[in-house]
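A.B. asks: As input, take data-v7.cif (mmCIF, C-alpha atoms):
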```cif
data_start
#
loop_
_atom_site.group_PDB
_atom_site.id
_atom_site.type_symbol
_atom_site.label_atom_id
_atom_site.label_comp_id
_atom_site.auth_asym_id
_atom_site.auth_seq_id
_atom_site.Cartn_x
_atom_site.Cartn_y
_atom_site.Cartn_z
ATOM 1 C CA MET M 149 131.031 87.664 179.348
ATOM 2 C CA LYS M 150 130.543 91.356 179.905
ATOM 3 C CA GLY M 151 128.891 93.658 177.370
ATOM 4 C CA PHE M 152 130.519 96.448 175.421
ATOM 5 C CA TYR M 153 130.913 99.865 176.954
ATOM 6 C CA PHE M 154 130.611 103.040 174.897
ATOM 7 C CA GLN M 155 131.659 106.282 176.487
ATOM 8 C CA THR M 156 129.458 109.004 175.038
ATOM 9 C CA ASN M 157 127.571 112.077 176.127
ATOM 10 C CA HIS M 158 124.388 110.283 175.076
ATOM 11 C CA ASN M 159 122.260 107.695 176.785
ATOM 12 C CA ILE M 160 123.458 104.208 175.782
ATOM 13 C CA THR M 161 119.893 103.300 174.802
ATOM 14 C CA ASP M 162 119.894 105.990 172.136
ATOM 15 C CA MET M 163 120.331 103.499 169.304
ATOM 16 C CA LYS M 164 119.786 106.119 166.604
ATOM 17 C CA TYR M 165 122.863 107.955 167.762
ATOM 18 C CA ILE M 166 124.939 104.770 167.704
ATOM 19 C CA ILE M 167 123.578 103.712 164.304
ATOM 20 C CA ILE M 168 124.324 107.120 162.776
ATOM 21 C CA LYS M 169 127.842 107.219 164.240
ATOM 22 C CA LEU M 170 128.596 103.694 163.009
ATOM 23 C CA SER M 171 127.083 104.535 159.621
ATOM 24 C CA MET M 172 129.406 107.538 159.334
ATOM 25 C CA ILE M 173 132.398 105.315 159.986
ATOM 26 C CA PHE M 174 131.339 102.590 157.557
ATOM 27 C CA ALA M 175 130.196 105.106 154.930
ATOM 28 C CA ARG M 176 133.662 106.646 154.794
ATOM 29 C CA PHE M 177 135.023 103.188 153.995
ATOM 30 C CA GLY M 178 132.624 102.841 151.063
ATOM 31 C CA CYS M 179 129.815 100.772 152.580
ATOM 32 C CA THR M 180 126.883 101.630 150.306
ATOM 33 C CA TRP M 181 124.260 100.588 152.850
ATOM 34 C CA ALA M 182 125.770 102.908 155.496
ATOM 35 C CA GLN M 183 125.884 105.714 152.908
ATOM 36 C CA TYR M 184 122.205 105.076 152.172
ATOM 37 C CA VAL M 185 121.337 105.175 155.909
ATOM 38 C CA LEU M 186 123.063 108.559 156.196
ATOM 39 C CA GLY M 187 121.173 109.814 153.142
ATOM 40 C CA VAL M 188 117.866 108.846 154.725
ATOM 41 C CA SER M 189 118.911 110.356 158.040
ATOM 42 C CA TYR M 190 119.695 113.714 156.440
ATOM 43 C CA ALA M 191 116.658 113.628 154.136
ATOM 44 C CA VAL M 192 114.162 113.202 156.961
ATOM 45 C CA GLY M 193 116.142 114.835 159.772
ATOM 46 C CA ASP M 194 116.121 111.730 161.950
ATOM 47 C CA GLY M 195 119.388 111.268 163.829
ATOM 48 C CA ASN M 196 120.910 114.245 162.017
ATOM 49 C CA GLU M 197 119.727 117.735 161.171
ATOM 50 C CA GLN M 198 117.646 117.767 158.006
ATOM 51 C CA SER M 199 119.784 118.709 155.029
ATOM 52 C CA TYR M 200 118.739 117.810 151.501
ATOM 53 C CA SER M 201 122.160 118.738 150.143
ATOM 54 C CA LYS M 202 123.874 116.295 152.538
ATOM 55 C CA ALA M 203 121.214 113.682 151.768
ATOM 56 C CA ILE M 204 121.967 114.001 148.061
ATOM 57 C CA LYS M 205 125.703 113.682 148.758
ATOM 58 C CA TRP M 206 125.249 110.389 150.620
ATOM 59 C CA PHE M 207 122.538 109.030 148.321
ATOM 60 C CA ARG M 208 124.776 109.754 145.323
ATOM 61 C CA ARG M 209 127.756 107.920 146.839
ATOM 62 C CA SER M 210 125.580 104.927 147.649
ATOM 63 C CA ALA M 211 123.774 105.055 144.289
ATOM 64 C CA GLU M 212 127.033 105.171 142.362
ATOM 65 C CA GLY M 213 128.062 102.090 144.340
ATOM 66 C CA GLY M 214 124.967 100.307 143.034
ATOM 67 C CA ASN M 215 122.499 100.567 145.937
ATOM 68 C CA PRO M 216 119.016 100.523 144.317
ATOM 69 C CA HIS M 217 117.321 102.158 147.313
ATOM 70 C CA ALA M 218 119.733 105.087 147.133
ATOM 71 C CA GLN M 219 119.223 105.282 143.361
ATOM 72 C CA TYR M 220 115.459 105.431 143.882
ATOM 73 C CA ASN M 221 115.704 108.111 146.587
ATOM 74 C CA LEU M 222 118.092 110.158 144.470
ATOM 75 C CA GLY M 223 115.492 109.964 141.690
ATOM 76 C CA ILE M 224 112.828 111.276 144.058
ATOM 77 C CA MET M 225 115.028 114.186 145.132
ATOM 78 C CA TYR M 226 115.708 115.179 141.522
ATOM 79 C CA GLU M 227 112.038 114.822 140.611
ATOM 80 C CA ARG M 228 110.940 117.029 143.524
ATOM 81 C CA GLY M 229 113.879 119.422 143.425
ATOM 82 C CA GLN M 230 114.870 118.698 147.021
ATOM 83 C CA GLY M 231 118.379 120.027 147.602
ATOM 84 C CA THR M 232 118.897 120.438 143.874
ATOM 85 C CA ILE M 233 117.364 121.965 140.785
ATOM 86 C CA PRO M 234 114.476 119.733 139.636
ATOM 87 C CA SER M 235 115.489 117.528 136.733
ATOM 88 C CA PHE M 236 113.221 114.898 135.216
ATOM 89 C CA ILE M 237 116.178 113.699 133.135
ATOM 90 C CA GLU M 238 118.299 113.003 136.240
ATOM 91 C CA ALA M 239 115.314 111.517 138.076
ATOM 92 C CA GLU M 240 114.637 109.185 135.140
ATOM 93 C CA LYS M 241 118.304 108.148 135.048
ATOM 94 C CA TRP M 242 118.299 107.098 138.712
ATOM 95 C CA TYR M 243 114.832 105.488 138.587
ATOM 96 C CA THR M 244 116.044 103.454 135.603
ATOM 97 C CA LYS M 245 119.105 102.183 137.480
ATOM 98 C CA ALA M 246 116.984 101.136 140.472
ATOM 99 C CA ALA M 247 114.224 99.661 138.272
ATOM 100 C CA GLU M 248 116.763 97.541 136.397
ATOM 101 C CA GLN M 249 117.710 96.016 139.752
ATOM 102 C CA GLY M 250 114.075 95.077 140.362
ATOM 103 C CA LEU M 251 113.021 97.740 142.865
ATOM 104 C CA ALA M 252 109.215 97.882 142.535
ATOM 105 C CA ASP M 253 108.814 101.514 143.654
ATOM 106 C CA ALA M 254 111.371 102.610 141.058
ATOM 107 C CA GLN M 255 109.631 100.547 138.389
ATOM 108 C CA TYR M 256 106.343 102.257 139.263
ATOM 109 C CA ASN M 257 107.845 105.768 139.246
ATOM 110 C CA LEU M 258 109.651 105.142 135.971
ATOM 111 C CA GLY M 259 106.413 103.750 134.534
ATOM 112 C CA ALA M 260 104.658 106.964 135.583
ATOM 113 C CA PHE M 261 107.387 108.969 133.832
ATOM 114 C CA TYR M 262 106.716 107.079 130.593
ATOM 115 C CA TYR M 263 102.944 107.265 131.059
ATOM 116 C CA HIS M 264 102.959 111.052 131.541
ATOM 117 C CA GLY M 265 105.917 111.837 129.268
ATOM 118 C CA LYS M 266 108.180 113.167 132.020
ATOM 119 C CA GLY M 267 111.905 113.071 131.371
ATOM 120 C CA SER M 268 111.726 111.312 128.031
ATOM 121 C CA ARG M 269 109.123 110.735 125.355
ATOM 122 C CA GLN M 270 105.757 109.384 126.374
ATOM 123 C CA SER M 271 105.426 105.641 125.869
ATOM 124 C CA TYR M 272 102.351 103.864 127.173
ATOM 125 C CA THR M 273 103.848 100.516 126.124
ATOM 126 C CA LYS M 274 106.965 101.043 128.284
ATOM 127 C CA ALA M 275 104.773 102.316 131.119
ATOM 128 C CA VAL M 276 102.688 99.133 131.021
ATOM 129 C CA GLU M 277 105.817 96.932 131.003
ATOM 130 C CA LEU M 278 107.097 98.678 134.120
ATOM 131 C CA TYR M 279 103.699 98.725 135.829
ATOM 132 C CA LYS M 280 103.459 94.948 135.284
ATOM 133 C CA LYS M 281 106.848 94.338 136.902
ATOM 134 C CA ALA M 282 106.004 96.496 139.910
ATOM 135 C CA ALA M 283 102.424 95.178 140.195
ATOM 136 C CA MET M 284 103.648 91.595 140.301
ATOM 137 C CA GLN M 285 105.802 92.570 143.289
ATOM 138 C CA GLY M 286 102.757 93.963 145.084
ATOM 139 C CA ASN M 287 103.102 97.694 144.397
ATOM 140 C CA VAL M 288 99.525 98.888 144.896
ATOM 141 C CA ASN M 289 99.894 102.016 142.753
ATOM 142 C CA ALA M 290 101.263 99.965 139.864
ATOM 143 C CA GLN M 291 98.393 97.510 140.262
ATOM 144 C CA TYR M 292 95.907 100.370 139.977
ATOM 145 C CA MET M 293 97.607 101.889 136.929
ATOM 146 C CA LEU M 294 97.955 98.514 135.228
ATOM 147 C CA ALA M 295 94.220 97.918 135.759
ATOM 148 C CA LEU M 296 93.492 101.343 134.285
ATOM 149 C CA CYS M 297 95.638 100.581 131.239
ATOM 150 C CA TYR M 298 93.874 97.248 130.709
ATOM 151 C CA ASP M 299 90.469 98.849 131.173
ATOM 152 C CA GLU M 300 91.119 101.672 128.706
ATOM 153 C CA GLY M 301 93.395 99.770 126.335
ATOM 154 C CA THR M 302 96.221 102.217 126.926
ATOM 155 C CA GLY M 303 99.590 100.762 125.910
ATOM 156 C CA ILE M 304 98.119 97.270 125.821
ATOM 157 C CA ARG M 305 95.159 95.469 124.304
ATOM 158 C CA GLN M 306 91.976 96.269 126.216
ATOM 159 C CA ASP M 307 91.122 93.411 128.554
ATOM 160 C CA LYS M 308 88.331 93.896 131.110
ATOM 161 C CA SER M 309 89.082 90.603 132.832
ATOM 162 C CA ASN M 310 92.709 91.644 133.530
ATOM 163 C CA ALA M 311 91.478 95.086 134.590
ATOM 164 C CA CYS M 312 89.196 93.378 137.114
ATOM 165 C CA TYR M 313 92.027 91.182 138.340
ATOM 166 C CA TRP M 314 94.411 94.087 138.997
ATOM 167 C CA TRP M 315 91.771 96.378 140.489
ATOM 168 C CA LYS M 316 90.843 93.586 142.879
ATOM 169 C CA LYS M 317 94.517 93.128 143.825
ATOM 170 C CA ALA M 318 94.857 96.870 144.498
ATOM 171 C CA ALA M 319 91.514 97.000 146.338
ATOM 172 C CA ASP M 320 92.612 94.113 148.561
ATOM 173 C CA GLN M 321 95.552 96.283 149.630
ATOM 174 C CA GLY M 322 93.237 99.128 150.617
ATOM 175 C CA ASN M 323 93.176 101.260 147.464
ATOM 176 C CA GLU M 324 89.685 102.795 147.600
ATOM 177 C CA ARG M 325 89.695 104.049 144.002
ATOM 178 C CA ALA M 326 90.519 100.534 142.839
ATOM 179 C CA ALA M 327 87.656 99.131 144.933
ATOM 180 C CA ILE M 328 85.227 101.568 143.308
ATOM 181 C CA GLU M 329 86.473 100.750 139.802
ATOM 182 C CA TYR M 330 86.368 97.043 140.554
ATOM 183 C CA ARG M 331 82.721 97.228 141.711
ATOM 184 C CA LYS M 332 81.756 99.359 138.703
ATOM 185 C CA LEU M 333 83.366 96.950 136.251
ATOM 186 C CA MET M 334 81.838 93.934 137.959
ATOM 187 C CA ASN M 335 78.380 95.557 137.703
ATOM 188 C CA VAL M 336 78.834 96.497 134.037
ATOM 189 C CA THR M 337 80.122 93.094 132.993
ATOM 190 C CA GLY M 338 77.443 91.282 134.985
ATOM 191 C CA LEU M 339 80.001 89.264 136.913
ATOM 192 C CA TRP M 340 78.861 90.660 140.253
#
```
For the structure just supplied, provide its representation as structure tokens.
C.D. replies:
Amino acid sequence: MKGFYFQTNHNITDMKYIIIKLSMIFARFGCTWAQYVLGVSYAVGDGNEQSYSKAIKWFRRSAEGGNPHAQYNLGIMYERGQGTIPSFIEAEKWYTKAAEQGLADAQYNLGAFYYHGKGSRQSYTKAVELYKKAAMQGNVNAQYMLALCYDEGTGIRQDKSNACYWWKKAADQGNERAAIEYRKLMNVTGLW
């Protein structure tokens, strides 16, 4: 059986070109994953010219269709003001949608919003809940923040043993600050 033949002005091995062209076709038919791929392509300028406004357009279509990765990226763009006026309220809205679908990075970012009081009222308790969810999925930043909350008793009962556990988890993933905190706590508690 012979392979497919594409007549283009581009080298057939240029897979990015083919992926972007196919994504454009599928995106117009409502495929949320293809819409997300186009959003990424425009956001980083890979396969398309960089355009935050076009990235937002495609992320929004995908996000409204329920794609948690697009929801998360739309949250980032609103938080940073990329292609739009910065809005912590909009960022929180999209992080929440992605976090509710279990996306660890969104859970971490939303937790940080609650921890620092961005978007809505500060709530250390909600931050800890979200950090736990993300930490259990392996998000190293959430592991560090959860350890910090346990160590300081912020939003949760102080628990040095849980602080040690989560700093060790984060340190094992290469987080240097967590490694330092882990060693300090082990020395102070005499467990080292």
A.B. asks: Exactly which residues make up the result of the PyMOL selection byres ((chain M and resi 291) around 9) on this file, given as a list in words?
C.D. replies: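 Selection result, ordered by chain and number: Tyr279, Lys280, Ala282, Ala283, Met284, Gly286, Asn287, Val288, Asn289, Ala290, Tyr292, Met293, Leu294, Ala295, Leu296, Trp314, Trp315, Lys316, Lys317, Ala318 and Ala326 of chain M.
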A.B. asks: Need to verify the contact set: Ser268 (chain M), 9 Å, all atoms listed in the file, exclusion of same-chain residues closer than 2 positions in sequence. Can you return it as a PyMOL selection string?
C.D. replies: chain M and resi 236-237+240+261-262+265-266+270-271
A.B. asks: Could you save the residues just selected, with C-alpha atoms, as a PDB file, in the frame of the given file?
C.D. replies:
```pdb
ATOM      1  CA  PHE M 236     113.221 114.898 135.216  1.00  0.00           C
ATOM      2  CA  ILE M 237     116.178 113.699 133.135  1.00  0.00           C
ATOM      3  CA  GLU M 240     114.637 109.185 135.140  1.00  0.00           C
ATOM      4  CA  PHE M 261     107.387 108.969 133.832  1.00  0.00           C
ATOM      5  CA  TYR M 262     106.716 107.079 130.593  1.00  0.00           C
ATOM      6  CA  GLY M 265     105.917 111.837 129.268  1.00  0.00           C
ATOM      7  CA  LYS M 266     108.180 113.167 132.020  1.00  0.00           C
ATOM      8  CA  GLN M 270     105.757 109.384 126.374  1.00  0.00           C
ATOM      9  CA  SER M 271     105.426 105.641 125.869  1.00  0.00           C
TER      10      SER M 271
END
```
A.B. asks: Can you list what the PyMOL selection byres ((chain M and resi 255-260) around 7) grabs from this structure, as a PyMOL selection string?
C.D. replies: chain M and resi 240+243-244+247+251-254+261-264+274-276+278-279+281-282+290
A.B. asks: Neighbours of region 191-196 of chain M within 8 Å (only C-alpha atoms; same-chain residues fewer than 4 positions away dropped), as a count of residues only?
C.D. replies: 7
A.B. asks: Report the residues retrieved by the PyMOL selection byres ((chain M and resi 172) around 12) from the displayed file, expressed as a PyMOL selection string.
C.D. replies: chain M and resi 165-171+173-187+189-190+195-196+206
A.B. asks: Could you tell me how far CA of Ile233 (chain M) lies from CA of Phe207 (chain M), in Å and to one decimal?
C.D. replies: 15.8 Å
A.B. asks: Given all atoms listed in the file as the basis, pick out the residue of M:Cys312, M:Met225, M:Ile204, M:Met163 nearest to Arg331 (chain M).
C.D. replies: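 Checking each candidate against Arg331 (chain M), we get M:Cys312 as the closest.
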A.B. asks: So that I can see what lies close to Pro216 (chain M), please list as a PyMOL selection string the residues with an atom at most 7 Å from it, counting only C-alpha atoms and leaving out residues fewer than 5 positions away in the same chain.
C.D. replies: chain M and resi 211+246+249+251
A.B. asks: Could you work out how far CA of His217 (chain M) lies from CA of Glu324 (chain M), giving the answer in Å with one decimal?
C.D. replies: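 For CA of Glu324 (chain M) relative to CA of His217 (chain M), the distance reads 27.6 Å.
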A.B. asks: For CA of Tyr220 (chain M) and CA of Gly303 (chain M), determine how far apart the two atoms are, in Å to one decimal place.
C.D. replies: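 The value is 24.4 Å.
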